[in-house]
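Structure file model.csv (CSV, C-alpha atoms and all ligand atoms) follows.
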chain,number,residue,atom,x,y,z
A,1,MET,CA,-5.4,-3.5,95.6
A,2,SER,CA,-4.4,-6.6,93.6
A,3,ALA,CA,-2.8,-6.0,90.3
A,4,ILE,CA,-5.0,-5.1,87.4
A,5,THR,CA,-4.7,-7.5,84.5
A,6,HIS,CA,-7.5,-6.5,82.2
A,7,HIS,CA,-7.0,-3.0,80.7
A,8,THR,CA,-8.7,-0.5,78.4
A,9,PRO,CA,-7.8,-1.2,74.8
A,10,ASP,CA,-5.5,1.4,73.4
A,11,ALA,CA,-7.9,2.4,70.6
A,12,MET,CA,-10.5,3.1,73.2
A,13,LEU,CA,-8.1,5.3,75.2
A,14,ALA,CA,-7.3,7.2,72.0
A,15,ALA,CA,-11.0,7.7,71.2
A,16,TYR,CA,-11.6,8.7,74.8
A,17,ALA,CA,-8.8,11.4,74.7
A,18,ALA,CA,-10.2,12.7,71.4
A,19,GLY,CA,-13.7,12.8,73.0
A,20,ASN,CA,-15.2,10.3,70.6
A,21,LEU,CA,-16.4,7.6,72.9
A,22,PRO,CA,-20.1,7.2,73.7
A,23,HIS,CA,-20.9,8.7,77.1
A,24,ALA,CA,-21.6,5.4,78.8
A,25,PHE,CA,-18.2,4.1,77.8
A,26,ALA,CA,-16.5,7.3,78.8
A,27,VAL,CA,-17.8,6.8,82.3
A,28,ALA,CA,-16.3,3.3,82.4
A,29,VAL,CA,-13.0,4.3,80.9
A,30,ALA,CA,-12.6,7.4,83.1
A,31,SER,CA,-13.3,5.1,86.1
A,32,HIS,CA,-10.8,2.5,85.1
A,33,VAL,CA,-8.2,5.2,84.5
A,34,SER,CA,-8.9,6.5,88.0
A,35,LEU,CA,-7.9,3.1,89.3
A,36,CYS,CA,-5.2,2.1,86.9
A,37,THR,CA,-1.8,3.8,86.6
A,38,GLN,CA,-0.9,1.9,83.4
A,39,CYS,CA,-3.9,3.2,81.5
A,40,ARG,CA,-3.4,6.7,83.0
A,41,VAL,CA,0.1,6.7,81.6
A,42,ALA,CA,-1.2,5.4,78.2
A,43,LEU,CA,-3.9,8.1,78.2
A,44,GLU,CA,-1.4,10.8,78.9
A,45,ALA,CA,0.7,9.5,76.0
A,46,HIS,CA,-2.4,10.0,73.8
A,47,GLN,CA,-2.8,13.5,75.1
A,48,SER,CA,0.8,14.2,74.2
A,49,VAL,CA,0.2,13.2,70.7
A,50,GLY,CA,-2.9,15.3,70.6
A,51,GLY,CA,-0.9,18.2,72.0
A,52,ALA,CA,1.8,17.7,69.3
A,53,ILE,CA,-0.9,17.8,66.6
A,54,LEU,CA,-2.3,21.0,68.2
A,55,GLU,CA,1.1,22.6,68.1
A,56,GLU,CA,1.5,21.8,64.4
A,57,THR,CA,-2.0,22.8,63.4
A,58,GLY,CA,-2.1,25.8,61.0
A,59,ALA,CA,-2.9,28.9,63.0
A,60,VAL,CA,-6.0,30.9,62.1
A,61,ALA,CA,-6.0,34.6,63.2
A,62,VAL,CA,-8.4,35.4,65.9
A,63,SER,CA,-10.5,38.5,66.1
A,64,SER,CA,-8.6,41.6,67.3
A,65,ASN,CA,-10.8,42.1,70.3
A,66,LEU,CA,-10.7,38.4,71.5
A,67,LYS,CA,-7.7,38.8,73.7
A,68,ASP,CA,-8.9,41.9,75.5
A,69,ASP,CA,-12.3,40.3,75.9
A,70,ILE,CA,-10.7,37.3,77.6
A,71,LEU,CA,-8.3,39.3,79.8
A,72,ALA,CA,-11.3,41.4,81.0
A,73,GLN,CA,-13.0,38.2,82.1
A,74,LEU,CA,-10.2,36.7,84.2
A,75,ASP,CA,-11.6,38.1,87.4
A,76,ALA,CA,-15.2,37.5,86.6
A,77,PRO,CA,-16.9,35.3,89.2
A,78,PHE,CA,-17.6,31.8,88.1
A,79,THR,CA,-19.0,28.6,89.7
A,80,PRO,CA,-16.5,25.7,89.4
A,81,GLU,CA,-18.0,22.4,88.3
A,82,PRO,CA,-18.5,20.2,91.3
A,83,VAL,CA,-15.7,17.7,91.7
A,84,TYR,CA,-16.7,14.3,92.9
A,85,ASP,CA,-14.2,12.4,95.0
A,86,ARG,CA,-13.9,8.7,95.3
A,87,LYS,CA,-16.1,7.3,98.1
A,88,GLY,CA,-15.3,3.8,99.3
A,89,ILE,CA,-15.2,1.5,96.3
A,90,TYR,CA,-16.7,4.1,93.9
A,91,PRO,CA,-14.2,6.1,91.9
A,92,GLY,CA,-14.9,9.8,91.2
A,93,PRO,CA,-16.5,9.3,87.7
A,94,VAL,CA,-19.0,6.8,89.2
A,95,MET,CA,-19.7,9.2,92.1
A,96,GLU,CA,-20.4,11.8,89.4
A,97,ALA,CA,-22.7,9.5,87.5
A,98,MET,CA,-24.6,9.0,90.8
A,99,LYS,CA,-24.4,12.8,91.5
A,100,GLY,CA,-22.8,12.1,94.8
A,101,ARG,CA,-25.5,9.9,96.2
A,102,ALA,CA,-25.2,6.3,97.5
A,103,PRO,CA,-26.4,3.5,95.2
A,104,ARG,CA,-30.1,2.8,95.1
A,105,TRP,CA,-30.3,-0.9,94.7
A,106,LYS,CA,-33.3,-2.4,93.0
A,107,LYS,CA,-33.9,-6.2,93.2
A,108,LEU,CA,-33.6,-8.1,90.0
A,109,GLY,CA,-34.1,-11.6,91.6
A,110,LEU,CA,-31.8,-14.3,92.8
A,111,GLY,CA,-30.1,-11.8,95.0
A,112,VAL,CA,-28.9,-9.7,92.1
A,113,ARG,CA,-29.5,-6.0,92.4
A,114,GLN,CA,-28.9,-3.1,90.0
A,115,ASP,CA,-28.9,0.7,90.0
A,116,ILE,CA,-29.4,2.3,86.6
A,117,LEU,CA,-27.4,5.5,86.6
A,118,SER,CA,-28.3,6.6,83.1
A,119,GLU,CA,-30.0,5.1,80.1
A,120,ASP,CA,-31.0,6.4,76.8
A,121,ALA,CA,-30.9,5.4,73.1
A,122,ASN,CA,-27.1,5.8,73.1
A,123,GLY,CA,-26.4,3.5,75.9
A,124,SER,CA,-26.7,2.7,79.6
A,125,VAL,CA,-24.6,2.8,82.7
A,126,ARG,CA,-25.6,0.7,85.7
A,127,LEU,CA,-24.2,-0.8,88.9
A,128,LEU,CA,-24.7,-4.5,89.4
A,129,TYR,CA,-24.5,-6.3,92.7
A,130,ILE,CA,-24.0,-10.1,92.3
A,131,PRO,CA,-23.9,-12.3,95.4
A,132,PRO,CA,-21.0,-14.7,95.7
A,133,GLY,CA,-21.4,-17.8,93.5
A,134,GLN,CA,-24.3,-16.2,91.6
A,135,ALA,CA,-24.3,-15.9,87.8
A,136,VAL,CA,-24.9,-12.5,86.2
A,137,PRO,CA,-28.3,-12.8,84.7
A,138,ASP,CA,-28.2,-14.1,81.1
A,139,HIS,CA,-28.3,-11.0,79.0
A,140,SER,CA,-27.8,-10.0,75.4
A,141,HIS,CA,-26.5,-6.7,74.0
A,142,SER,CA,-26.5,-5.7,70.4
A,143,GLY,CA,-23.3,-3.6,70.8
A,144,LEU,CA,-20.4,-3.6,73.2
A,145,GLU,CA,-20.6,-4.0,77.0
A,146,LEU,CA,-17.8,-2.7,79.3
A,147,THR,CA,-17.8,-4.1,82.8
A,148,LEU,CA,-15.5,-2.6,85.5
A,149,VAL,CA,-15.2,-4.5,88.7
A,150,LEU,CA,-15.4,-2.3,91.8
A,151,GLN,CA,-15.6,-5.0,94.5
A,152,GLY,CA,-15.1,-8.7,94.7
A,153,SER,CA,-14.5,-10.5,91.4
A,154,PHE,CA,-16.2,-12.6,88.7
A,155,SER,CA,-15.1,-15.2,86.3
A,156,ASP,CA,-16.2,-16.2,82.9
A,157,ALA,CA,-14.9,-18.2,79.9
A,158,THR,CA,-12.4,-15.5,79.2
A,159,GLY,CA,-10.8,-15.2,82.6
A,160,ARG,CA,-11.1,-13.9,86.1
A,161,PHE,CA,-11.8,-10.2,86.7
A,162,GLY,CA,-10.9,-8.5,90.0
A,163,VAL,CA,-11.2,-5.0,91.3
A,164,GLY,CA,-10.1,-2.5,88.7
A,165,ASP,CA,-10.3,-5.0,85.8
A,166,ILE,CA,-12.4,-4.0,82.8
A,167,GLU,CA,-14.0,-6.5,80.5
A,168,ILE,CA,-14.8,-5.6,76.9
A,169,ALA,CA,-17.5,-7.9,75.6
A,170,ASP,CA,-18.9,-7.7,72.1
A,171,GLU,CA,-22.1,-9.1,70.9
A,172,ASP,CA,-20.5,-12.4,69.8
A,173,LEU,CA,-19.3,-13.2,73.3
A,174,GLU,CA,-21.7,-15.6,74.9
A,175,HIS,CA,-20.6,-15.0,78.4
A,176,THR,CA,-22.0,-16.0,81.7
A,177,PRO,CA,-20.0,-14.2,84.4
A,178,VAL,CA,-20.2,-15.8,87.8
A,179,ALA,CA,-19.3,-13.9,90.9
A,180,ASP,CA,-16.5,-15.6,92.8
A,181,GLU,CA,-16.7,-16.6,96.4
A,182,GLY,CA,-15.9,-14.0,99.0
A,183,ASP,CA,-17.3,-10.5,98.8
A,184,ALA,CA,-20.3,-9.8,96.7
A,185,CYS,CA,-19.2,-8.6,93.2
A,186,ILE,CA,-20.1,-5.0,92.5
A,187,CYS,CA,-19.5,-3.8,89.0
A,188,LEU,CA,-20.2,-0.9,86.7
A,189,ALA,CA,-21.7,-2.0,83.4
A,190,ALA,CA,-21.8,0.3,80.4
A,191,THR,CA,-23.4,-0.5,77.1
A,192,ASP,CA,-23.9,1.4,73.9
A,193,ALA,CA,-27.3,-0.1,73.3
A,194,ARG,CA,-30.1,-1.1,75.6
A,195,LEU,CA,-29.3,-4.2,77.6
A,196,ARG,CA,-31.7,-7.1,77.7
A,197,PHE,CA,-31.8,-9.8,80.3
A,198,ARG,CA,-33.1,-13.3,79.3
A,199,GLY,CA,-34.4,-16.0,81.5
A,200,LEU,CA,-34.9,-13.9,84.6
A,201,MET,CA,-38.4,-12.7,83.8
A,202,PRO,CA,-40.7,-12.7,80.9
A,203,ARG,CA,-39.8,-10.2,78.1
A,204,LEU,CA,-43.2,-8.6,78.7
A,205,LEU,CA,-42.1,-7.4,82.1
A,206,GLN,CA,-38.8,-5.9,80.9
A,207,PRO,CA,-40.2,-2.4,80.1
A,208,VAL,CA,-41.6,-2.3,83.6
A,209,PHE,CA,-38.2,-2.9,85.1
A,210,ARG,CA,-36.2,-1.1,82.5
A,211,ILE,CA,-33.8,-3.8,81.8
B,212,MET,CA,2.4,28.4,82.2
B,213,ILE,CA,4.1,28.0,85.5
B,214,ALA,CA,4.0,31.8,86.0
B,215,VAL,CA,0.3,31.6,85.2
B,216,ARG,CA,-0.2,28.8,87.7
B,217,ASP,CA,2.0,30.1,90.6
B,218,ASN,CA,1.9,33.9,90.2
B,219,ARG,CA,-1.4,34.4,88.3
B,220,ASP,CA,0.8,36.3,85.9
B,221,ARG,CA,-1.4,38.1,83.3
B,222,THR,CA,1.5,39.0,81.0
B,223,ALA,CA,2.4,35.3,80.9
B,224,PHE,CA,-1.2,34.4,80.2
B,225,ALA,CA,-1.3,36.9,77.3
B,226,ALA,CA,1.8,35.3,75.9
B,227,LEU,CA,0.1,31.9,76.2
B,228,PHE,CA,-2.9,33.3,74.4
B,229,ASP,CA,-0.7,34.6,71.6
B,230,HIS,CA,0.8,31.2,71.1
B,231,PHE,CA,-2.2,28.9,71.5
B,232,ALA,CA,-5.4,30.9,70.6
B,233,PRO,CA,-4.7,30.9,66.8
B,234,ARG,CA,-3.7,27.3,66.9
B,235,LEU,CA,-6.7,26.4,68.9
B,236,LYS,CA,-8.9,28.2,66.5
B,237,GLY,CA,-7.4,26.4,63.5
B,238,PHE,CA,-7.7,23.1,65.4
B,239,ILE,CA,-11.3,23.6,66.3
B,240,ILE,CA,-12.2,24.7,62.8
B,241,ARG,CA,-10.6,21.5,61.5
B,242,SER,CA,-12.8,19.5,63.8
B,243,GLY,CA,-15.9,20.9,62.2
B,244,ALA,CA,-16.8,24.2,63.9
B,245,SER,CA,-17.6,27.5,62.1
B,246,ALA,CA,-15.2,30.4,62.7
B,247,PRO,CA,-17.5,32.2,65.1
B,248,GLN,CA,-18.2,29.0,67.0
B,249,ALA,CA,-14.5,28.3,67.1
B,250,GLU,CA,-13.8,31.7,68.7
B,251,GLU,CA,-16.4,31.0,71.3
B,252,ILE,CA,-14.7,27.7,72.2
B,253,VAL,CA,-11.3,29.3,72.2
B,254,GLN,CA,-12.5,31.9,74.7
B,255,ASP,CA,-14.0,29.1,76.8
B,256,VAL,CA,-10.8,27.1,76.6
B,257,MET,CA,-8.5,30.0,77.5
B,258,LEU,CA,-10.7,30.9,80.5
B,259,THR,CA,-10.6,27.3,81.6
B,260,ILE,CA,-6.8,27.3,81.3
B,261,TRP,CA,-6.7,30.3,83.6
B,262,ARG,CA,-9.2,28.9,86.1
B,263,LYS,CA,-7.7,25.3,86.2
B,264,ALA,CA,-4.1,26.4,86.1
B,265,ALA,CA,-3.5,24.9,89.6
B,266,MET,CA,-4.2,21.5,88.1
B,267,PHE,CA,-1.3,21.7,85.6
B,268,ASP,CA,1.6,19.5,86.5
B,269,PRO,CA,4.7,19.9,84.3
B,270,HIS,CA,6.0,16.5,85.5
B,271,ARG,CA,3.1,14.7,83.8
B,272,ALA,CA,2.1,16.8,80.8
B,273,GLN,CA,3.5,19.3,78.4
B,274,VAL,CA,1.5,22.4,78.2
B,275,SER,CA,0.2,21.5,74.7
B,276,ALA,CA,-1.0,18.0,75.9
B,277,TRP,CA,-2.8,19.6,78.8
B,278,ILE,CA,-4.4,22.2,76.6
B,279,TYR,CA,-5.3,19.6,74.0
B,280,GLN,CA,-7.4,17.7,76.5
B,281,ILE,CA,-9.1,20.8,77.8
B,282,ALA,CA,-10.0,21.8,74.2
B,283,ARG,CA,-11.4,18.5,73.4
B,284,ASN,CA,-13.4,18.3,76.6
B,285,ARG,CA,-14.8,21.8,76.3
B,286,GLN,CA,-15.7,21.4,72.7
B,287,ILE,CA,-17.7,18.3,73.5
B,288,ASP,CA,-19.2,19.6,76.7
B,289,ILE,CA,-20.5,22.7,74.8
B,290,ALA,CA,-21.8,20.6,71.8
B,291,ARG,CA,-23.5,18.0,74.0
B,292,LYS,CA,-24.4,20.3,76.9
B,293,GLU,CA,-23.2,17.7,79.4
B,294,ASN,CA,-20.0,17.2,81.2
B,295,ARG,CA,-17.6,14.6,79.9
B,296,PRO,CA,-16.6,12.1,82.6
B,297,VAL,CA,-13.0,12.7,83.5
B,298,PRO,CA,-10.6,10.6,85.6
B,299,GLU,CA,-9.9,11.6,89.2
B,300,GLU,CA,-7.2,14.2,89.3
B,301,LEU,CA,-3.9,13.2,90.8
B,302,ARG,CA,-2.9,15.9,93.3
B,303,GLU,CA,0.7,16.8,93.7
B,304,GLU,CA,2.0,16.2,97.2
B,305,PRO,CA,2.0,19.5,99.0
B,306,GLY,CA,5.4,21.1,99.1
B,307,ALA,CA,6.9,18.7,96.5
B,308,GLU,CA,9.9,20.2,94.9
B,309,PRO,CA,9.8,20.4,91.1
B,310,ASP,CA,12.0,17.7,89.6
B,311,ALA,CA,13.9,19.5,86.8
B,312,SER,CA,15.3,16.3,85.2
B,313,GLN,CA,11.8,14.8,84.9
B,314,ILE,CA,10.4,17.9,83.3
B,315,LEU,CA,13.3,18.1,80.9
B,316,GLY,CA,12.9,14.4,80.1
B,317,LEU,CA,9.2,15.0,79.2
B,318,GLU,CA,10.2,17.9,77.0
B,319,GLN,CA,12.7,15.7,75.2
B,320,GLU,CA,10.2,13.0,74.6
B,321,ALA,CA,7.7,15.6,73.3
B,322,GLY,CA,10.5,16.7,70.8
B,323,GLN,CA,11.0,13.1,69.7
B,324,LEU,CA,7.3,12.7,69.3
B,325,ARG,CA,7.1,15.8,67.0
B,326,GLN,CA,9.9,14.4,64.9
B,327,ALA,CA,8.2,11.1,64.6
B,328,LEU,CA,5.0,12.8,63.5
B,329,ALA,CA,6.9,14.9,60.9
B,330,LYS,CA,8.4,11.7,59.4
B,331,LEU,CA,5.0,10.1,58.7
B,332,LYS,CA,3.8,9.7,55.2
B,333,PRO,CA,1.1,12.2,54.4
B,334,GLU,CA,-1.7,9.7,54.4
B,335,GLN,CA,-0.6,8.2,57.7
B,336,ARG,CA,-0.4,11.7,59.2
B,337,GLU,CA,-3.9,12.4,58.0
B,338,ILE,CA,-5.3,9.4,59.7
B,339,ILE,CA,-3.5,10.2,63.0
B,340,GLU,CA,-4.9,13.7,62.8
B,341,GLN,CA,-8.4,12.4,62.2
B,342,ALA,CA,-8.1,10.2,65.2
B,343,TYR,CA,-7.0,12.9,67.6
B,344,LEU,CA,-9.5,15.4,66.2
B,345,GLY,CA,-12.3,13.0,67.3
B,346,GLU,CA,-13.3,12.0,63.7
B,347,LEU,CA,-12.7,8.3,64.2
B,348,THR,CA,-14.6,5.9,66.5
B,349,HIS,CA,-12.6,3.5,68.6
B,350,GLN,CA,-13.6,0.7,66.2
B,351,GLU,CA,-12.2,2.7,63.3
B,352,ILE,CA,-9.0,3.5,65.2
B,353,SER,CA,-8.5,-0.2,66.0
B,354,THR,CA,-9.3,-1.5,62.5
B,355,ARG,CA,-7.5,1.1,60.4
B,356,THR,CA,-4.6,-0.8,58.9
B,357,GLY,CA,-1.5,1.2,58.9
B,358,LEU,CA,-2.5,3.5,61.7
B,359,PRO,CA,0.9,4.0,63.3
B,360,LEU,CA,-0.6,4.6,66.7
B,361,GLY,CA,1.8,2.3,68.5
B,362,THR,CA,4.8,3.6,66.6
B,363,ILE,CA,4.0,7.1,67.5
B,364,LYS,CA,3.1,6.4,71.1
B,365,SER,CA,6.2,4.3,71.7
B,366,ARG,CA,8.2,7.5,71.0
B,367,ILE,CA,7.0,8.7,74.3
B,368,ARG,CA,8.2,6.5,77.1
B,369,LEU,CA,6.1,8.4,79.6
B,370,GLY,CA,7.4,6.1,82.3
B,371,LEU,CA,5.6,4.9,85.3
B,372,ASP,CA,8.3,6.9,87.1
B,373,ARG,CA,6.4,10.0,86.4
B,374,LEU,CA,3.5,8.8,88.5
B,375,ARG,CA,5.5,7.1,91.2
B,376,HIS,CA,5.4,10.0,93.6
B,377,GLU,CA,1.7,10.3,93.1
B,378,LEU,CA,0.7,6.7,93.7
B,379,LYS,CA,0.0,7.3,97.3
B,380,ASP,CA,-3.1,9.3,96.4
B,381,LEU,CA,-4.3,6.5,94.1
B,382,LYS,CA,-3.8,3.8,96.7
B,383,GLN,CA,-5.2,5.8,99.5
A,401,ZN,ZN,-5.6,-0.3,82.9

Please rewrite the model in this file as structure tokens.
Amino acid sequence: MSAITHHTPDAMLAAYAAGNLPHAFAVAVASHVSLCTQCRVALEAHQSVGGAILEETGAVAVSSNLKDDILAQLDAPFTPEPVYDRKGIYPGPVMEAMKGRAPRWKKLGLGVRQDILSEDANGSVRLLYIPPGQAVPDHSHSGLELTLVLQGSFSDATGRFGVGDIEIADEDLEHTPVADEGDACICLAATDARLRFRGLMPRLLQPVFRI
Amino acid sequence: MIAVRDNRDRTAFAALFDHFAPRLKGFIIRSGASAPQAEEIVQDVMLTIWRKAAMFDPHRAQVSAWIYQIARNRQIDIARKENRPVPEELREEPGAEPDASQILGLEQEAGQLRQALAKLKPEQREIIEQAYLGELTHQEISTRTGLPLGTIKSRIRLGLDRLRHELKDLKQ
């Protein structure tokens, strides 16, 4: 893997550790951390600060029976949450978002494909497949968009993004990422608002295609 | 914690409960839960600690840091009824000998971190606590002037060394 040069901003890692990142962004950050040692170290540093604050927090007495209740449950059967391992180019958190399945690509036109993994009023997570040399469809977002490269690379006015790199684009960034030559570019795109593509198809059709 | 992990030692687990359960309850109440809700979450967190003990790696985390993350994850999972996405776990190489100097180094760094926190002005301390209790958005964390996040974090060097022996898993 070539060196990762675009990382998760520190404030985002802190909010992620504290559990205060929108779900869509948490998928992207957890995926980046899975691929990036530097950000994993930074995340663990934030966890250490959280731990130090926990240690210093004023204790509040617990009910007298709580300990016995818990000790009595140690042997109780439980079903562990499924753990999704990395599969090919897809890190564990992406596999989890896909619930273990393979991508189900839907054509967007011009060879571009997408697979919407989740979407609601709080944001969306999707995979995008961009053929080499092709521009990512012109789109607008009212909030932030996080794009994590899983295969190939793309370039835009702010630089080149290869496997493992994460781009943080706010609404002011007029960006037209273009997939570089070589492998098709596959990325994970997470938004905290509905994403709208322009110029690819009439607005009227957008509800039909959920883009 | 190591006795809980390696020997499934219930006495050690009870001691862990005595230390952390009241702190967890205080911590969870501070992040907005009622006292009965907080006890439910404490129970859930303590059981998660028991069940996930095998994941604890003293080379990479102090017990408090590990428990902090479990507490935040469980509190949010319960509130939102969904699982928070978490990074892939790094698995220790089977049969790897514990590295005492690395574990000691981590403890020393944690001590320095606590000292740095203790030296903060009350209002700075308040903001830091809000951030780690999940009360600030990432935008607020990045725009709060005077948030000594970098200062605090630089106290812990948490070197890449710590992950070196586990990189093989990452690179596959
Ligand atoms: Zn990174």

task: Could you jot down the atom ZN of ligand ZN 401 (chain A) to CA of Gly162 (chain A) separation for me, Å, one decimal place?
output: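 Calculated distance between atom ZN of ligand ZN 401 (chain A) and CA of Gly162 (chain A) is 12.1 Å.
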
What are the residues of chain B that have an atom within 6 Å of an atom of chain A, counting only C-alpha atoms, as a PDB file with C-alpha atoms, keeping the file's coordinate frame?
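Final file, iface31.pdb:
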ATOM      1  CA  PRO B 233      -4.700  30.900  66.800  1.00  0.00           C
ATOM      2  CA  ARG B 234      -3.700  27.300  66.900  1.00  0.00           C
ATOM      3  CA  LYS B 236      -8.900  28.200  66.500  1.00  0.00           C
ATOM      4  CA  GLY B 237      -7.400  26.400  63.500  1.00  0.00           C
ATOM      5  CA  SER B 275       0.200  21.500  74.700  1.00  0.00           C
ATOM      6  CA  ALA B 276      -1.000  18.000  75.900  1.00  0.00           C
ATOM      7  CA  TYR B 279      -5.300  19.600  74.000  1.00  0.00           C
ATOM      8  CA  PRO B 296     -16.600  12.100  82.600  1.00  0.00           C
ATOM      9  CA  VAL B 297     -13.000  12.700  83.500  1.00  0.00           C
ATOM     10  CA  PRO B 298     -10.600  10.600  85.600  1.00  0.00           C
ATOM     11  CA  GLU B 299      -9.900  11.600  89.200  1.00  0.00           C
ATOM     12  CA  TYR B 343      -7.000  12.900  67.600  1.00  0.00           C
ATOM     13  CA  LEU B 344      -9.500  15.400  66.200  1.00  0.00           C
ATOM     14  CA  GLY B 345     -12.300  13.000  67.300  1.00  0.00           C
ATOM     15  CA  HIS B 349     -12.600   3.500  68.600  1.00  0.00           C
ATOM     16  CA  ILE B 352      -9.000   3.500  65.200  1.00  0.00           C
ATOM     17  CA  SER B 353      -8.500  -0.200  66.000  1.00  0.00           C
TER      18      SER B 353
END

message: Let me make sure I understand: among A:Asp192, A:Asp172, A:Asp180, A:Asp165, which one has the smallest atom-to-atom distance to Ser118 (chain A) if we use only C-alpha atoms?
response: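 Of the candidates, the smallest distance to Ser118 (chain A) is held by A:Asp192.
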
field: Selection: 10 Å around Met212 (chain B), all atoms listed in the file, excl. self and same-chain fewer than 2 positions, as a list in words
entry: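 Everything that qualifies: Ala214, Val215, Arg216, Asp217, Asn218, Arg219, Asp220, Ala223, Phe224, Ala226, Leu227, Ile260, Trp261, Ala264, Phe267, Asp268, Pro269, Gln273 and Val274 of chain B.
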
message: Quick check, in Å to one decimal: how far apart do CA of Ala225 (chain B) and CA of Arg295 (chain B) lie?
response: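 Interatomic distance here is 27.7 Å.
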
statement: The distance between CA of Gln151 (chain A) and CA of Ile130 (chain A) is 10.1 Å

field: Minimum-distance residue to ligand ZN 401 (chain A), chosen among A:Ala193, A:Val125, A:Leu188, A:Leu148 (using all atoms listed in the file)
entry: A:Leu148

- request: Counting all atoms listed in the file, figure out which residue out of B:Arg355, B:Ala244, B:Arg291, B:Glu250 gets nearest to Glu334 (chain B).
  value: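 Once distances to Glu334 (chain B) are computed over all atoms listed in the file, the minimum belongs to B:Arg355.
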
- prompt: Using all atoms listed in the file, which of A:Cys39, A:Leu127, A:Val136, A:Ala190 sits nearest Gly111 (chain A)?
  reply: A:Val136

statement: Using all atoms listed in the file, the residue out of B:Gln254, B:Ile281, B:Ala249, B:Ala327 with shortest distance to Asn294 (chain B) is B:Ile281
